[in-house]
Amino acid sequence: MGRRRTLFGALAPLIAAAMVSGCESPEFYRPGEGGADEPVVGLGGAAPYVRPTTAGPKAADPPGAVPVAPAGGRVYAATGPGMIAPSARDMPARLYVADGHGIEVIDPRTMRPVGRFGAGAVASQVVPSWDMRKLWIADTVHDALVPVGARSGGRGRPVRVADPAGLYFTPDGRTALVAAGRPRRIEVRDPRTMRPRAAVPLPCAAADGDFTLDGASLVMSCTAAGALVRLDVAGRRVAGTVRLPAGARPGDLRLSPDGGTFLVADAARGGIWAVDAQTFAARGFVRTAPGARGLAISRDARRLFVSGGGTLAAVDFRTRRVTARWPLPGGGNTVPGGVSSDGRALWLADPGGLVYAVSTRTGRVLRHARVKGRPAGLCVHPQPGRFALGGTGLYR
């Protein structure tokens with residue numbers, strides 16, 4: 001009898017969840033199993049779909065909550081295979097290609113165009129909103145951010161922003177940060193309306209970025225200056241800068257899974273810099289291939305993919321060693337769009353007009369399509385994660 005009570009106690013939360021959610025109960029899979037676009041809860045992992053909390057380290061989190069910086073430094077604990085957030089779970093998988101004149105929408109399964117929006121906007125980048133319900137088109141020609149419904153494709157009213165080089169959202173979803181190239185600054189804005197709140201001058205022109213483990217700082221790269229800059233989000237000030245060795249041209253960057261290091265692509269030196277997230281000092285360099293520009297993280301958070309210069313390299317996070325190098329079609333400066341929901345494919349765009357997926361296991365081209373114009377940005381949507389931090393493929 002005691003054994004039956006113990007079993008019932010263990011199953012009670014699951015039964016209650018099924019009753020609240022409706023007639024159908026959620027499906028559970030072990031990590032790596034299940035369909036690519038099915039809702040998945042990895043057994044033994046953190047609950048991926050609960051509201052993040054912003055309480056300080058001394059405050060007690062409510063039962064079942066996942067803090068903004070997951071315990072144990074598991075930065076990408078909620079971005080595993082199939083972990084699509086409820087707000088985007090019923091959205092069909094799509095590729096959004098910024099071709100310089102608008103957004104071409106492609107079905108990744110058939111590789112056929114299924115729509116086009118943003119006409120009149122010279123798109124250079126497509127960024128999902130924090131809750132993934134809409135997309136923002138960065139129009140650097142007309143100095144505007146254009147909202148587009150992720151489901152309807154309906155275009156909203158453009159918001160004037162001077163030279164929007166990058167768009168990011170704080171982990172709590174309360175603030176949007178726009179990297180402006182003219183003048184060099186970070187504009188603090190409302191994440192829903194994009195109304196301005198404040199502006200922080202920068203010592204250099206920044207574009208690519210990622211957040212620290214606690215979400216308190218946004219670290220960005222200044223390509224022309226060969227430097228990185230750290231923005232104190234709450235204090236609305238520049239908290240530090242680090243200049244990389246002479247000749248460096250830092251580009252895309254990603255926080256390591258343990259939250260201790262930023263990996264920064266360097267196209268000039270052909271590799272990635274390791275920068276300590278606390279001391280903000282360069283701690284090493286890994287040579288991958290000439291022209292290293294774009295970065296993406298595997299669904300199991302064990303490898304970092306580095307693309308550019310006609311090569312895709314896979315770097316092991318633990319050993320910091322290159323485990324594979326694969327040639328890419330076209331040989332150009334590819335633009336990464338993100339890893340598929342099931343983790344099996346990495347989507348890339350070539351400025352020559354080619355969009356394609358390569359196997360994350362073998363590097364073999366799985367699917368491809370020709371598009372009009374010259375792709376300057378690619379967004380795979382939706383992707384696993386509780387929320388989007390902006391940029392390209394930044395999720396937590």
# chains A, B, ... in the order shown; residues from 1 in each chain; ligands from 1
>>> residues_around(residues="stretch 176-185 of chain A", least_positions_apart="5", cutoff="7 Å", atoms="only C-alpha atoms", output="compact mmCIF listing (two decimals) with N, CA and C atoms, in the first residue's frame")
# COMPACT_ATOMS: atom_id res chain seq x y z
N ALA A 162 18.25 55.03 -36.10
CA ALA A 162 19.40 55.37 -36.92
C ALA A 162 20.33 54.17 -37.08
N ASP A 163 20.45 53.67 -38.33
CA ASP A 163 21.40 52.62 -38.68
C ASP A 163 21.37 51.44 -37.70
N PRO A 164 20.25 50.68 -37.64
CA PRO A 164 20.14 49.57 -36.69
C PRO A 164 21.02 48.39 -37.07
N ALA A 165 22.21 48.32 -36.48
CA ALA A 165 23.17 47.26 -36.81
C ALA A 165 22.90 45.97 -36.05
N GLY A 166 22.18 46.04 -34.95
CA GLY A 166 21.87 44.86 -34.16
C GLY A 166 20.73 45.13 -33.20
N LEU A 167 19.94 44.09 -32.90
CA LEU A 167 18.80 44.21 -31.99
C LEU A 167 18.86 43.08 -30.99
N TYR A 168 18.75 43.42 -29.69
CA TYR A 168 18.84 42.44 -28.62
C TYR A 168 17.78 42.71 -27.56
N PHE A 169 17.44 41.64 -26.80
CA PHE A 169 16.45 41.74 -25.73
C PHE A 169 17.05 41.18 -24.45
N THR A 170 16.86 41.89 -23.34
CA THR A 170 17.37 41.39 -22.07
C THR A 170 16.65 40.11 -21.69
N ASP A 190 11.67 50.35 -25.54
CA ASP A 190 10.60 49.46 -25.10
C ASP A 190 10.58 48.25 -26.03
N PRO A 191 10.57 47.03 -25.50
CA PRO A 191 10.67 45.85 -26.36
C PRO A 191 9.45 45.59 -27.24
N ALA A 199 19.86 56.41 -24.23
CA ALA A 199 20.92 56.08 -25.18
C ALA A 199 22.25 56.07 -24.45
N VAL A 200 23.09 55.08 -24.80
CA VAL A 200 24.39 54.94 -24.17
C VAL A 200 25.47 55.07 -25.25
N PRO A 201 26.29 56.10 -25.21
CA PRO A 201 27.37 56.26 -26.20
C PRO A 201 28.37 55.12 -26.10
N LEU A 202 28.89 54.66 -27.24
CA LEU A 202 29.88 53.60 -27.27
C LEU A 202 31.21 54.14 -27.80
N CYS A 204 33.11 52.57 -29.77
CA CYS A 204 33.35 52.01 -31.11
C CYS A 204 32.01 51.51 -31.67
N ALA A 205 31.98 51.28 -32.97
CA ALA A 205 30.76 50.81 -33.63
C ALA A 205 30.60 49.31 -33.41
N ALA A 206 29.53 48.92 -32.71
CA ALA A 206 29.29 47.51 -32.34
C ALA A 206 28.09 46.96 -33.10
N ALA A 207 28.07 45.63 -33.27
CA ALA A 207 26.96 44.98 -33.96
C ALA A 207 26.60 43.66 -33.29
>>> closest_residue(among="A:Val339, A:Ala267, A:Ala388, A:Val322", to="A:Pro81", atoms="only C-alpha atoms")
A:Val339
>>> closest_residue(among="A:Thr311, A:Leu389, A:Ser87, A:Cys379", to="A:Ile106", atoms="only C-alpha atoms")
A:Cys379
>>> closest_atom_pairs(of="stretch 75-153 of chain A", to="stretch 349-367 of chain A", cutoff="9 Å", atoms="only C-alpha atoms", output="Markdown table")
| residue | atom | partner | partner_atom | distance |
| --- | --- | --- | --- | --- |
| A:Val97 | CA | A:Ala349 | CA | 8.1 |
| A:Asp99 | CA | A:Gly353 | CA | 8.4 |
| A:Pro108 | CA | A:Arg367 | CA | 8.2 |
| A:Arg109 | CA | A:Arg367 | CA | 8.5 |
| A:Thr110 | CA | A:Arg367 | CA | 8.8 |
| A:Met111 | CA | A:Arg367 | CA | 7.4 |
>>> atom_distance(atom1="atom CA of A:Gly330", atom2="atom CA of A:Trp273")
26.0 Å
>>> atom_distance(atom1="atom CA of A:Gly284", atom2="atom CA of A:Thr212")
18.8 Å
>>> residues_around(residues="A:Tyr96", least_positions_apart="6", cutoff="6 Å", atoms="only C-alpha atoms", output="list in words")
Glu104, Val105, Leu378 and Cys379 of chain A
>>> closest_residue(among="A:Phe285, A:Tyr76, A:Phe317, A:Trp347", to="A:Leu244", atoms="only C-alpha atoms")
A:Phe285
>>> select_by_dssp(residues="stretch 280-388 of chain A", states="strand (DSSP E)", output="ChimeraX atom specification")
/A:282-287,294-297,303-308,311-316,322-327,335-339,345-350,354-359,365-370,377-381,388
>>> closest_residue(among="A:Ala296, A:Ala281, A:Val286, A:Leu328", to="A:Gly310", atoms="only C-alpha atoms")
A:Leu328
